[in-house]
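Shown next: entry.cif, given as mmCIF, C-alpha atoms.
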```
data_entry
#
loop_
_atom_site.label_atom_id
_atom_site.label_comp_id
_atom_site.auth_asym_id
_atom_site.auth_seq_id
_atom_site.Cartn_x
_atom_site.Cartn_y
_atom_site.Cartn_z
CA MET F 246 0.00 0.00 0.00
CA ASN F 247 1.43 3.38 -0.91
CA THR F 248 2.01 6.19 1.56
CA ARG F 249 -0.92 8.28 0.35
CA SER F 250 -3.35 5.39 0.90
CA GLN F 251 -1.94 4.81 4.39
CA VAL F 252 -2.49 8.46 5.26
CA LEU F 253 -6.02 8.45 3.83
CA LEU F 254 -6.82 5.34 5.88
CA TRP F 255 -5.65 7.20 8.97
CA GLY F 256 -7.92 10.09 8.05
CA ALA F 257 -10.84 7.75 7.42
CA GLN F 258 -10.39 6.20 10.84
CA ARG F 259 -10.42 9.62 12.53
CA VAL F 260 -13.53 10.77 10.67
CA SER F 261 -15.33 7.47 11.31
CA ALA F 262 -14.42 7.80 15.01
CA MET F 263 -16.19 11.17 15.14
CA VAL F 264 -19.28 9.66 13.48
CA LEU F 265 -19.17 6.69 15.86
CA ALA F 266 -18.95 8.92 18.92
CA LEU F 267 -22.29 10.47 17.97
CA CYS F 268 -23.89 7.23 16.76
CA VAL F 269 -22.97 5.27 19.90
CA VAL F 270 -24.51 7.92 22.15
CA ILE F 271 -27.77 7.93 20.15
CA HIS F 272 -27.77 4.11 20.02
CA LEU F 273 -27.25 3.79 23.80
CA VAL F 274 -29.97 6.34 24.58
CA THR F 275 -32.30 4.43 22.25
CA ILE F 276 -31.54 1.11 23.94
CA ILE F 277 -32.01 2.54 27.42
CA TYR F 278 -35.29 4.15 26.35
CA ALA F 279 -36.55 0.87 24.86
CA VAL F 280 -35.59 -1.20 27.90
CA ARG F 281 -36.83 1.23 30.56
CA ASN F 282 -40.16 1.63 28.80
CA GLY F 283 -40.54 -2.13 28.43
CA LEU F 284 -40.95 -2.08 24.68
CA SER F 285 -41.57 -5.51 23.17
CA ALA F 286 -39.78 -6.69 20.03
CA ALA F 287 -42.98 -6.15 18.10
CA GLU F 288 -43.27 -2.58 19.39
CA ILE F 289 -39.66 -1.86 18.44
CA LEU F 290 -40.21 -3.28 14.96
CA GLY F 291 -43.35 -1.19 14.73
CA ARG F 292 -41.19 1.91 15.14
CA THR F 293 -38.38 0.87 12.78
CA ARG F 294 -40.35 -0.65 9.90
CA GLY F 295 -40.73 1.84 7.08
CA ASN F 296 -38.96 4.53 9.10
CA ALA F 297 -36.46 6.21 6.75
CA GLY F 298 -34.85 8.09 9.65
CA TRP F 299 -33.81 4.95 11.54
CA LEU F 300 -32.78 3.33 8.25
CA ALA F 301 -30.47 6.26 7.44
CA PHE F 302 -29.08 6.44 10.99
CA TYR F 303 -28.18 2.75 11.25
CA THR F 304 -26.89 2.65 7.67
CA VAL F 305 -24.40 5.38 8.59
CA PHE F 306 -23.62 3.67 11.92
CA VAL F 307 -22.76 0.38 10.19
CA ALA F 308 -20.65 2.18 7.58
CA ALA F 309 -18.67 3.92 10.32
CA VAL F 310 -18.09 0.60 12.13
CA ALA F 311 -17.05 -1.13 8.90
CA ILE F 312 -14.51 1.61 8.20
CA HIS F 313 -13.23 2.21 11.73
CA ALA F 314 -12.78 -1.28 13.18
CA PRO F 315 -10.77 -2.92 10.35
CA ILE F 316 -8.33 0.01 10.15
CA GLY F 317 -7.74 -0.31 13.88
CA LEU F 318 -7.39 -4.07 13.52
CA ARG F 319 -4.80 -3.52 10.78
CA GLY F 320 -2.66 -1.55 13.24
CA ILE F 321 -3.13 -4.10 16.02
CA LEU F 322 -2.12 -6.99 13.73
CA ALA F 323 0.99 -5.11 12.59
CA GLU F 324 2.13 -4.11 16.06
CA SER F 325 1.17 -7.16 18.11
CA ILE F 326 1.94 -10.10 15.81
CA GLY F 327 3.92 -8.42 13.04
CA TRP F 328 1.39 -9.23 10.31
CA ARG F 329 1.88 -6.50 7.71
CA GLY F 330 1.68 -6.09 3.97
CA ARG F 331 -0.71 -7.20 1.28
CA SER F 332 -2.04 -10.33 3.00
CA ALA F 333 -2.93 -8.39 6.15
CA ASP F 334 -4.58 -5.65 4.05
CA ILE F 335 -6.69 -8.24 2.21
CA PHE F 336 -7.66 -9.84 5.53
CA VAL F 337 -8.86 -6.57 7.07
CA LEU F 338 -10.66 -5.67 3.84
CA ALA F 339 -12.54 -8.95 4.16
CA ILE F 340 -13.39 -8.05 7.76
CA ALA F 341 -14.64 -4.64 6.58
CA MET F 342 -16.84 -6.19 3.91
CA SER F 343 -18.21 -8.77 6.36
CA LEU F 344 -19.07 -6.11 8.94
CA ALA F 345 -20.79 -3.99 6.30
CA THR F 346 -22.68 -6.94 4.82
CA TRP F 347 -23.94 -8.32 8.14
CA GLY F 348 -24.63 -4.88 9.56
CA TRP F 349 -26.61 -3.59 6.60
CA ARG F 350 -28.45 -6.90 6.38
CA ALA F 351 -29.63 -6.40 9.97
CA VAL F 352 -30.60 -2.79 9.25
CA TYR F 353 -32.59 -3.93 6.21
CA ALA F 354 -34.25 -6.69 8.24
CA VAL F 355 -35.74 -4.25 10.77
CA PHE F 356 -36.79 -1.80 8.04
CA VAL F 357 -38.90 -4.04 5.78
CA MET K 902 26.34 10.47 53.57
CA GLY K 903 26.45 6.68 53.35
CA MET K 904 26.67 4.40 50.34
CA LEU K 905 24.69 3.96 47.16
CA HIS K 906 23.76 0.45 46.10
CA VAL K 907 24.18 0.47 42.34
CA LYS K 908 23.45 -2.25 39.79
CA VAL K 909 24.99 -1.72 36.37
CA TRP K 910 24.28 -3.70 33.19
CA ARG K 911 27.31 -5.61 31.95
CA GLY K 912 27.48 -7.35 28.58
CA THR K 913 25.72 -6.81 25.30
CA GLU K 914 22.15 -7.93 24.51
CA GLN K 915 22.98 -10.88 26.75
CA GLY K 916 24.44 -10.03 30.11
CA GLU K 917 23.60 -9.35 33.73
CA PHE K 918 23.58 -6.63 36.32
CA GLN K 919 26.70 -6.20 38.42
CA ALA K 920 26.46 -4.68 41.89
CA PHE K 921 28.69 -1.86 43.12
CA GLU K 922 28.85 0.22 46.28
CA VAL K 923 29.45 3.91 45.59
CA PRO K 924 29.93 6.67 48.20
CA ARG K 925 26.93 8.99 48.31
CA LEU K 926 27.92 12.63 47.77
CA GLU K 927 26.09 15.91 47.80
CA SER K 928 24.83 17.20 44.40
CA GLN K 929 25.89 13.88 42.86
CA THR K 930 24.61 13.05 39.38
CA VAL K 931 23.99 9.60 37.93
CA LEU K 932 26.86 10.23 35.50
CA ASP K 933 29.11 10.94 38.52
CA VAL K 934 28.14 7.52 39.88
CA VAL K 935 28.94 5.74 36.61
CA THR K 936 32.24 7.63 36.31
CA TYR K 937 33.17 6.67 39.88
CA ILE K 938 32.53 3.00 39.11
CA GLN K 939 34.61 3.14 35.93
CA ARG K 940 37.52 4.95 37.62
CA LYS K 941 37.54 3.33 41.05
CA CYS K 942 35.83 -0.06 40.78
CA ASP K 943 36.07 -1.54 37.28
CA ALA K 944 37.99 0.20 34.49
CA SER K 945 36.46 -2.12 31.88
CA LEU K 946 32.99 -0.53 32.23
CA ALA K 947 31.94 1.00 28.91
CA TYR K 948 29.77 4.12 28.87
CA ARG K 949 29.45 7.23 26.76
CA PHE K 950 29.57 10.90 27.71
CA ALA K 951 31.13 14.12 26.49
CA CYS K 952 30.02 17.55 27.72
CA ARG K 953 28.67 16.65 31.21
CA VAL K 954 26.41 19.73 31.13
CA GLY K 955 23.34 18.66 29.16
CA VAL K 956 24.36 19.92 25.75
CA CYS K 957 25.81 17.02 23.76
CA GLY K 958 23.11 14.38 24.35
CA SER K 959 25.53 11.46 24.58
CA CYS K 960 25.10 10.23 28.17
CA ALA K 961 21.49 9.01 28.11
CA MET K 962 20.88 5.74 29.93
CA SER K 963 18.06 3.88 31.57
CA VAL K 964 17.99 4.78 35.27
CA ASN K 965 15.72 2.73 37.52
CA GLY K 966 13.74 1.76 34.41
CA GLN K 967 13.37 5.21 32.88
CA ALA K 968 15.42 6.81 30.13
CA ARG K 969 17.23 9.92 31.38
CA TRP K 970 20.16 12.22 30.58
CA THR K 971 22.48 11.09 33.33
CA CYS K 972 24.67 14.21 33.52
CA ARG K 973 21.74 16.37 34.62
CA THR K 974 19.94 13.76 36.69
CA HIS K 975 20.67 14.15 40.37
CA VAL K 976 20.89 10.98 42.40
CA SER K 977 18.65 12.57 45.03
CA LYS K 978 15.88 12.77 42.43
CA VAL K 979 15.90 9.14 41.34
CA ALA K 980 17.57 6.92 43.96
CA ALA K 981 14.80 5.77 46.23
CA GLU K 982 16.38 4.14 49.31
CA ASP K 983 19.82 4.87 47.83
CA ARG K 984 19.37 2.25 45.10
CA LEU K 985 20.13 2.72 41.42
CA GLU K 986 19.75 0.34 38.50
CA ILE K 987 21.57 1.66 35.44
CA ALA K 988 21.11 0.03 32.03
CA PRO K 989 21.62 0.96 28.36
CA LEU K 990 18.83 2.77 26.52
CA ARG K 991 15.92 0.59 25.45
CA ASN K 992 15.04 0.17 21.74
CA LEU K 993 18.66 0.37 20.56
CA PRO K 994 21.23 -2.41 20.06
CA VAL K 995 23.73 -2.64 22.90
CA VAL K 996 27.38 -2.34 21.89
CA ARG K 997 28.69 -3.10 25.38
CA ASP K 998 27.62 -2.36 28.95
CA LEU K 999 25.93 1.09 28.89
CA VAL K 1000 26.84 1.97 25.30
CA THR K 1001 24.15 1.66 22.63
CA ASP K 1002 24.54 1.70 18.87
CA MET K 1003 22.86 4.97 17.85
CA ARG K 1004 23.07 4.38 14.09
CA GLU K 1005 19.42 3.43 13.52
CA PHE K 1006 18.35 6.44 15.60
CA PHE K 1007 20.29 8.90 13.42
CA ASP K 1008 19.66 6.99 10.18
CA LYS K 1009 15.97 7.62 10.81
CA TRP K 1010 16.64 11.35 11.04
CA ALA K 1011 18.09 11.07 7.53
CA ARG K 1012 15.11 8.96 6.37
CA ALA K 1013 12.79 11.67 7.72
CA ARG K 1014 14.73 14.17 5.59
CA GLY K 1015 16.09 15.89 8.66
CA GLN K 1016 18.51 18.00 6.58
CA PHE K 1017 17.67 21.63 5.83
CA GLN K 1018 17.25 22.20 2.11
CA GLY K 1019 17.49 25.89 1.23
CA GLY K 1020 16.62 27.48 -2.07
CA LYS K 1021 18.75 30.61 -1.86
CA ARG K 1022 22.31 31.26 -2.92
CA ARG K 1023 24.97 33.02 -0.89
CA THR K 1024 24.55 36.12 -3.04
CA ASP K 1025 20.83 36.34 -2.19
CA ASP K 1026 19.55 38.56 0.59
CA PHE K 1027 18.89 37.14 4.05
CA ALA K 1028 15.54 35.47 4.61
CA ARG K 1029 13.49 37.52 7.02
CA VAL K 1030 11.46 35.40 9.45
CA ALA K 1031 9.32 37.27 11.95
CA PRO K 1032 10.03 35.92 15.48
CA ASP K 1033 6.34 36.04 16.35
CA SER K 1034 5.14 34.29 13.19
CA ARG K 1035 3.25 31.03 13.73
CA GLU K 1036 5.80 28.99 11.79
CA ARG K 1037 8.77 30.43 13.66
CA GLN K 1038 7.12 29.69 17.00
CA GLN K 1039 6.45 26.09 15.94
CA VAL K 1040 10.14 25.77 15.05
CA ASP K 1041 11.22 27.34 18.35
CA ALA K 1042 9.14 24.81 20.29
CA GLY K 1043 11.12 21.87 18.91
CA ILE K 1044 14.50 23.17 17.82
CA GLU K 1045 16.42 22.61 21.07
CA CYS K 1046 16.55 18.82 20.64
CA ILE K 1047 20.00 17.52 21.55
CA GLY K 1048 19.54 14.09 19.96
CA CYS K 1049 20.02 12.17 23.20
CA GLY K 1050 17.68 9.31 22.22
CA VAL K 1051 15.68 9.42 25.47
CA CYS K 1052 12.38 9.83 23.59
CA TYR K 1053 13.28 7.01 21.19
CA SER K 1054 14.04 4.73 24.12
CA ALA K 1055 10.82 5.66 25.92
CA CYS K 1056 8.58 5.11 22.87
CA ASP K 1057 6.47 1.94 22.85
CA VAL K 1058 5.64 2.33 19.16
CA VAL K 1059 9.36 2.01 18.33
CA THR K 1060 9.34 -1.27 20.27
CA TRP K 1061 6.33 -2.59 18.34
CA ASN K 1062 7.26 -1.27 14.91
CA ARG K 1063 10.98 -1.29 14.16
CA ASP K 1064 10.45 0.78 10.99
CA TYR K 1065 8.82 3.63 12.93
CA LEU K 1066 10.87 6.80 12.57
CA GLY K 1067 10.50 7.74 16.23
CA PRO K 1068 9.77 10.99 18.08
CA ALA K 1069 13.10 12.78 17.59
CA ALA K 1070 13.27 12.33 13.81
CA LEU K 1071 9.64 13.40 13.44
CA ASN K 1072 10.18 16.41 15.70
CA ARG K 1073 13.13 17.40 13.52
CA ALA K 1074 10.99 17.05 10.39
CA TRP K 1075 8.31 19.24 12.01
CA THR K 1076 10.83 22.03 12.62
CA LEU K 1077 11.83 21.85 8.95
CA VAL K 1078 8.34 21.79 7.42
CA ASN K 1079 7.71 24.96 9.43
CA ASP K 1080 10.94 26.56 8.23
CA VAL K 1081 9.79 29.01 5.57
CA ARG K 1082 13.25 28.95 3.94
CA ASP K 1083 13.15 25.19 3.32
CA VAL K 1084 12.15 24.08 -0.19
CA SER K 1085 11.60 20.33 0.18
CA ARG K 1086 8.41 20.38 2.25
CA LYS K 1087 6.41 17.96 0.07
CA GLU K 1088 9.20 15.41 -0.14
CA ARG K 1089 9.67 15.60 3.62
CA LEU K 1090 5.96 15.17 4.29
CA ALA K 1091 5.94 12.11 2.03
CA ALA K 1092 8.96 10.74 3.91
CA VAL K 1093 7.39 11.11 7.36
CA ALA K 1094 3.80 10.07 6.56
CA GLY K 1095 2.16 6.67 6.78
CA ASP K 1096 2.57 3.42 8.70
CA ALA K 1097 6.25 3.89 9.53
CA GLY K 1098 5.94 7.60 10.09
CA CYS K 1099 3.88 10.07 12.08
CA HIS K 1100 0.59 8.21 11.56
CA ALA K 1101 1.89 5.25 13.56
CA CYS K 1102 2.08 7.39 16.73
CA HIS K 1103 -0.47 6.38 19.40
CA THR K 1104 -0.10 9.63 21.35
CA HIS K 1105 1.07 7.81 24.47
CA MET K 1106 3.20 10.91 25.15
CA ASN K 1107 6.07 8.97 26.73
CA CYS K 1108 8.44 11.05 24.59
CA THR K 1109 6.97 14.30 25.86
CA GLU K 1110 6.98 13.04 29.44
CA ARG K 1111 10.65 12.02 29.30
CA CYS K 1112 12.25 14.66 27.05
CA PRO K 1113 14.94 16.35 29.16
CA LYS K 1114 14.61 19.53 27.10
CA GLN K 1115 10.84 19.76 27.74
CA ILE K 1116 10.12 19.46 24.02
CA SER K 1117 6.81 17.92 22.99
CA PRO K 1118 7.46 15.56 20.07
CA THR K 1119 3.83 14.48 20.49
CA ALA K 1120 2.67 17.96 19.46
CA ALA K 1121 5.10 17.96 16.54
CA ILE K 1122 3.84 14.55 15.40
CA ALA K 1123 0.21 15.68 15.70
CA GLY K 1124 1.04 18.65 13.48
CA LEU K 1125 2.71 16.39 10.93
CA LYS K 1126 -0.33 14.08 10.92
CA ARG K 1127 -2.66 16.94 10.05
CA MET K 1128 -0.32 18.48 7.51
CA ALA K 1129 0.34 15.15 5.78
CA LEU K 1130 -3.37 14.31 5.70
CA ALA K 1131 -4.12 17.64 4.02
CA ALA K 1132 -1.35 16.95 1.50
CA ALA K 1133 -2.69 13.42 0.85
CA VAL K 1134 -6.22 14.70 0.29
CA LYS K 1135 -4.87 17.22 -2.23
CA GLY K 1136 -2.83 14.48 -3.92
CA GLU K 1137 0.48 16.18 -3.11
CA ILE K 1138 2.01 13.08 -1.53
#
```

What does this structure look like when you write it as structure tokens?
Amino acid sequence: MNTRSQVLLWGAQRVSAMVLALCVVIHLVTIIYAVRNGLSAAEILGRTRGNAGWLAFYTVFVAAVAIHAPIGLRGILAESIGWRGRSADIFVLAIAMSLATWGWRAVYAVFV
Amino acid sequence: MGMLHVKVWRGTEQGEFQAFEVPRLESQTVLDVVTYIQRKCDASLAYRFACRVGVCGSCAMSVNGQARWTCRTHVSKVAAEDRLEIAPLRNLPVVRDLVTDMREFFDKWARARGQFQGGKRRTDDFARVAPDSRERQQVDAGIECIGCGVCYSACDVVTWNRDYLGPAALNRAWTLVNDVRDVSRKERLAAVAGDAGCHACHTHMNCTERCPKQISPTAAIAGLKRMALAAAVKGEI
């Protein structure tokens, strides 16, 4: 990977961290609200189904996770077990794609 | 004033600590202790020093587990219960006893393009740099580095990533990218960016904590990160 790409990855991780900071707070408040008010699964689905706002929010949330976590994992792999280079980059790209696929699948499932 | 109980590393990468008893004196520095051992106890002890007054940066060692400039470190500050453990700097190959091989440390300064590259000729007029300009103040904050290697020894990222340029080389690069007379800013930014450069820093701040000149390489590295990211977004590196 060339230097420019490495720097842009670093930038992407910082930007995704800012998005995550906001998303995690909203997500936690939502969970606490749902639990404290004793919402059933059906009631939660009743609020998410067809709701473009929640769809947009969790789509962005999953994208931020899929960008942020694999870049961090790339650094951890390099520094803790010395796994660097193309093979490590392909591995974390696969992790990113998996996180995005599973995450967006779940978002879609509570929307339709 | 009693005796100091001193353990000194003997050997190379493989070796062991050797114990010495050294008379405790007033205003005694750690370098005084090492010099006493070499002159009075064991002449074969290898260590490095030159100026003895905190200018040359050659006497840095690990003292009770922390990298320090030994000529300006008073025993009273570091010897709890009159005990000292003196070892070579971490993160550098050991030549013998307390002497480390500093080549990789200074080679990384060269890799970070730590040399000033001017664009003027001797017949040109002097460059005029306002002392209160932002760039000049950024340079002032980092220019007093004496190259002692304390920050490099204290840095965990250097331990984990042997290609990492380290705090001193990056601090030097930061002083040069802020030098308005220098003409190789883009090449230097490209040299210090990425996985082996400033973007590998975790902001642990060990370098800033330990720097004997109270420089903050962490701040310099943070500046380089932002500057290199802007250059990468514009496609300049």

Inset, instruction - Please return, as a PyMOL selection string, all residues of chain F lying within 6 Å of chain K when all atoms listed in the file are considered. - result: chain F and resi 248-249+251-252+324

Inset, instruction - Could you list the residues chosen by the PyMOL selection byres ((chain F and resi 354-357) around 9) in this structure as a ChimeraX atom specification? - result: /F:289-290,293-297,299-300,349-353

Where does the PyMOL selection byres ((chain K and resi 982) around 12) land in this file, that is, which residues does it pick, as a CSV table (one decimal) with C-alpha atoms, keeping the file's coordinate frame?
```csv
chain,number,residue,atom,x,y,z
K,903,GLY,CA,26.4,6.7,53.4
K,904,MET,CA,26.7,4.4,50.3
K,905,LEU,CA,24.7,4.0,47.2
K,906,HIS,CA,23.8,0.4,46.1
K,907,VAL,CA,24.2,0.5,42.3
K,925,ARG,CA,26.9,9.0,48.3
K,965,ASN,CA,15.7,2.7,37.5
K,976,VAL,CA,20.9,11.0,42.4
K,977,SER,CA,18.6,12.6,45.0
K,978,LYS,CA,15.9,12.8,42.4
K,979,VAL,CA,15.9,9.1,41.3
K,980,ALA,CA,17.6,6.9,44.0
K,981,ALA,CA,14.8,5.8,46.2
K,983,ASP,CA,19.8,4.9,47.8
K,984,ARG,CA,19.4,2.2,45.1
K,985,LEU,CA,20.1,2.7,41.4
K,986,GLU,CA,19.8,0.3,38.5
```

Inset, instruction - To one decimal in Å, tell me the separation between atom CA of Met902 of chain K and atom CA of Gln919 of chain K. - result: 22.5 Å

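Look at Ala951 of chain K: the protein and nucleic acid residues within 8 Å of it, using all atoms listed in the file and passing over chain neighbours fewer than 4 places away, are Cys957, Ser959 and Cys960 of chain K.
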
For C-alpha atoms, I'd like the residues from the last selection saved as a compact mmCIF listing (two decimals), in the coordinates of the input.
```
# COMPACT_ATOMS: atom_id res chain seq x y z
CA CYS K 957 25.81 17.02 23.76
CA SER K 959 25.53 11.46 24.58
CA CYS K 960 25.10 10.23 28.17
```

Suppose a student applies the PyMOL selection byres ((chain K and resi 1045-1053) around 7) to this structure; what residues should they get, written as an mmCIF file with C-alpha atoms, in the frame of the given file?
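Saved file selection04.cif follows:
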```cif
data_model
loop_
_atom_site.group_PDB
_atom_site.id
_atom_site.type_symbol
_atom_site.label_atom_id
_atom_site.label_comp_id
_atom_site.auth_asym_id
_atom_site.auth_seq_id
_atom_site.Cartn_x
_atom_site.Cartn_y
_atom_site.Cartn_z
ATOM 1 C CA VAL K 956 24.360 19.920 25.750
ATOM 2 C CA CYS K 957 25.810 17.020 23.760
ATOM 3 C CA GLY K 958 23.110 14.380 24.350
ATOM 4 C CA SER K 959 25.530 11.460 24.580
ATOM 5 C CA ALA K 961 21.490 9.010 28.110
ATOM 6 C CA ALA K 968 15.420 6.810 30.130
ATOM 7 C CA ARG K 969 17.230 9.920 31.380
ATOM 8 C CA GLY K 1043 11.120 21.870 18.910
ATOM 9 C CA ILE K 1044 14.500 23.170 17.820
ATOM 10 C CA SER K 1054 14.040 4.730 24.120
ATOM 11 C CA ALA K 1055 10.820 5.660 25.920
ATOM 12 C CA CYS K 1056 8.580 5.110 22.870
ATOM 13 C CA VAL K 1059 9.360 2.010 18.330
ATOM 14 C CA GLY K 1067 10.500 7.740 16.230
ATOM 15 C CA PRO K 1068 9.770 10.990 18.080
ATOM 16 C CA ALA K 1069 13.100 12.780 17.590
ATOM 17 C CA CYS K 1108 8.440 11.050 24.590
ATOM 18 C CA ARG K 1111 10.650 12.020 29.300
ATOM 19 C CA CYS K 1112 12.250 14.660 27.050
ATOM 20 C CA LYS K 1114 14.610 19.530 27.100
#
```

Inset, instruction - Write out as a ChimeraX atom specification each polymer residue whose atoms come within 8 Å of Ala308 of chain F, counting only C-alpha atoms; drop sequence neighbours fewer than 4 positions from it. - result: /F:304,312,345

Legend entry - Interatomic distance, atom CA of Ala311 of chain F to atom CA of His1103 of chain K (Å, one decimal):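 The value is 21.0 Å.
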
Legend entry - Two-atom distance - atom CA of Val260 of chain F, atom CA of Val305 of chain F (Å):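 Interatomic distance here is 12.3 Å.
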
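Remark: for Ile340 of chain F, the closest of the candidate residues F:Ala314, F:Trp328, F:Ala257, F:Ile321 is F:Ala314 (distances computed over only C-alpha atoms).
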
Inset, instruction - Compile the contact shell of Asp943 of chain K as a list in words: residues with an atom at most 12 Å away, counting all atoms listed in the file, same-chain residues fewer than 2 positions apart removed. - result: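 Answer for this query is Val909, Arg911, Gln919, Ala920, Phe921, Glu922, Val923, Val935, Thr936, Tyr937, Ile938, Gln939, Arg940, Lys941, Ser945, Leu946, Ala947, Tyr948 and Asp998 of chain K.
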
Residue neighbourhood segment 334-336 of chain F, 12 Å, all atoms listed in the file, exclusion window fewer than 5 positions, as a short mmCIF file (atom, residue, chain, number, x, y, z; two decimals) with C-alpha atoms, in the frame of the given file:
```cif
data_model
loop_
_atom_site.label_atom_id
_atom_site.label_comp_id
_atom_site.auth_asym_id
_atom_site.auth_seq_id
_atom_site.Cartn_x
_atom_site.Cartn_y
_atom_site.Cartn_z
CA MET F 246 0.00 0.00 0.00
CA ASN F 247 1.43 3.38 -0.91
CA SER F 250 -3.35 5.39 0.90
CA GLN F 251 -1.94 4.81 4.39
CA LEU F 254 -6.82 5.34 5.88
CA PRO F 315 -10.77 -2.92 10.35
CA ILE F 316 -8.33 0.01 10.15
CA GLY F 317 -7.74 -0.31 13.88
CA LEU F 318 -7.39 -4.07 13.52
CA ARG F 319 -4.80 -3.52 10.78
CA GLY F 320 -2.66 -1.55 13.24
CA LEU F 322 -2.12 -6.99 13.73
CA ALA F 323 0.99 -5.11 12.59
CA TRP F 328 1.39 -9.23 10.31
CA ARG F 329 1.88 -6.50 7.71
CA ALA F 341 -14.64 -4.64 6.58
CA MET F 342 -16.84 -6.19 3.91
CA SER F 343 -18.21 -8.77 6.36
#
```

Have segment 1077-1093 of chain K completed to N, CA and C atoms, please, and pass it along as a CSV table (one decimal), in the frame of the given file.
```csv
chain,number,residue,atom,x,y,z
K,1077,LEU,N,11.4,21.5,10.3
K,1077,LEU,CA,11.8,21.8,9.0
K,1077,LEU,C,10.6,22.2,8.1
K,1078,VAL,N,9.5,21.5,8.3
K,1078,VAL,CA,8.3,21.8,7.4
K,1078,VAL,C,7.8,23.2,7.8
K,1079,ASN,N,8.1,23.6,9.0
K,1079,ASN,CA,7.7,25.0,9.4
K,1079,ASN,C,8.8,26.0,9.1
K,1080,ASP,N,9.9,25.6,8.6
K,1080,ASP,CA,10.9,26.6,8.2
K,1080,ASP,C,10.6,27.1,6.9
K,1081,VAL,N,10.3,28.4,6.8
K,1081,VAL,CA,9.8,29.0,5.6
K,1081,VAL,C,10.9,29.1,4.5
K,1082,ARG,N,12.2,28.9,4.9
K,1082,ARG,CA,13.2,29.0,3.9
K,1082,ARG,C,13.4,27.6,3.2
K,1083,ASP,N,12.9,26.5,3.8
K,1083,ASP,CA,13.2,25.2,3.3
K,1083,ASP,C,12.3,25.0,2.1
K,1084,VAL,N,12.9,24.2,1.1
K,1084,VAL,CA,12.2,24.1,-0.2
K,1084,VAL,C,11.7,22.6,-0.5
K,1085,SER,N,12.0,21.7,0.5
K,1085,SER,CA,11.6,20.3,0.2
K,1085,SER,C,10.5,19.8,1.1
K,1086,ARG,N,9.5,20.7,1.3
K,1086,ARG,CA,8.4,20.4,2.2
K,1086,ARG,C,7.6,19.1,1.8
K,1087,LYS,N,7.2,19.1,0.5
K,1087,LYS,CA,6.4,18.0,0.1
K,1087,LYS,C,7.2,16.6,0.2
K,1088,GLU,N,8.4,16.6,-0.2
K,1088,GLU,CA,9.2,15.4,-0.1
K,1088,GLU,C,9.4,15.0,1.3
K,1089,ARG,N,9.5,15.9,2.2
K,1089,ARG,CA,9.7,15.6,3.6
K,1089,ARG,C,8.4,15.1,4.2
K,1090,LEU,N,7.3,15.7,3.8
K,1090,LEU,CA,6.0,15.2,4.3
K,1090,LEU,C,5.7,13.7,3.8
K,1091,ALA,N,6.1,13.5,2.6
K,1091,ALA,CA,5.9,12.1,2.0
K,1091,ALA,C,6.8,11.1,2.8
K,1092,ALA,N,8.0,11.6,3.2
K,1092,ALA,CA,9.0,10.7,3.9
K,1092,ALA,C,8.5,10.4,5.3
K,1093,VAL,N,7.8,11.3,5.9
K,1093,VAL,CA,7.4,11.1,7.4
K,1093,VAL,C,6.0,10.6,7.5
```
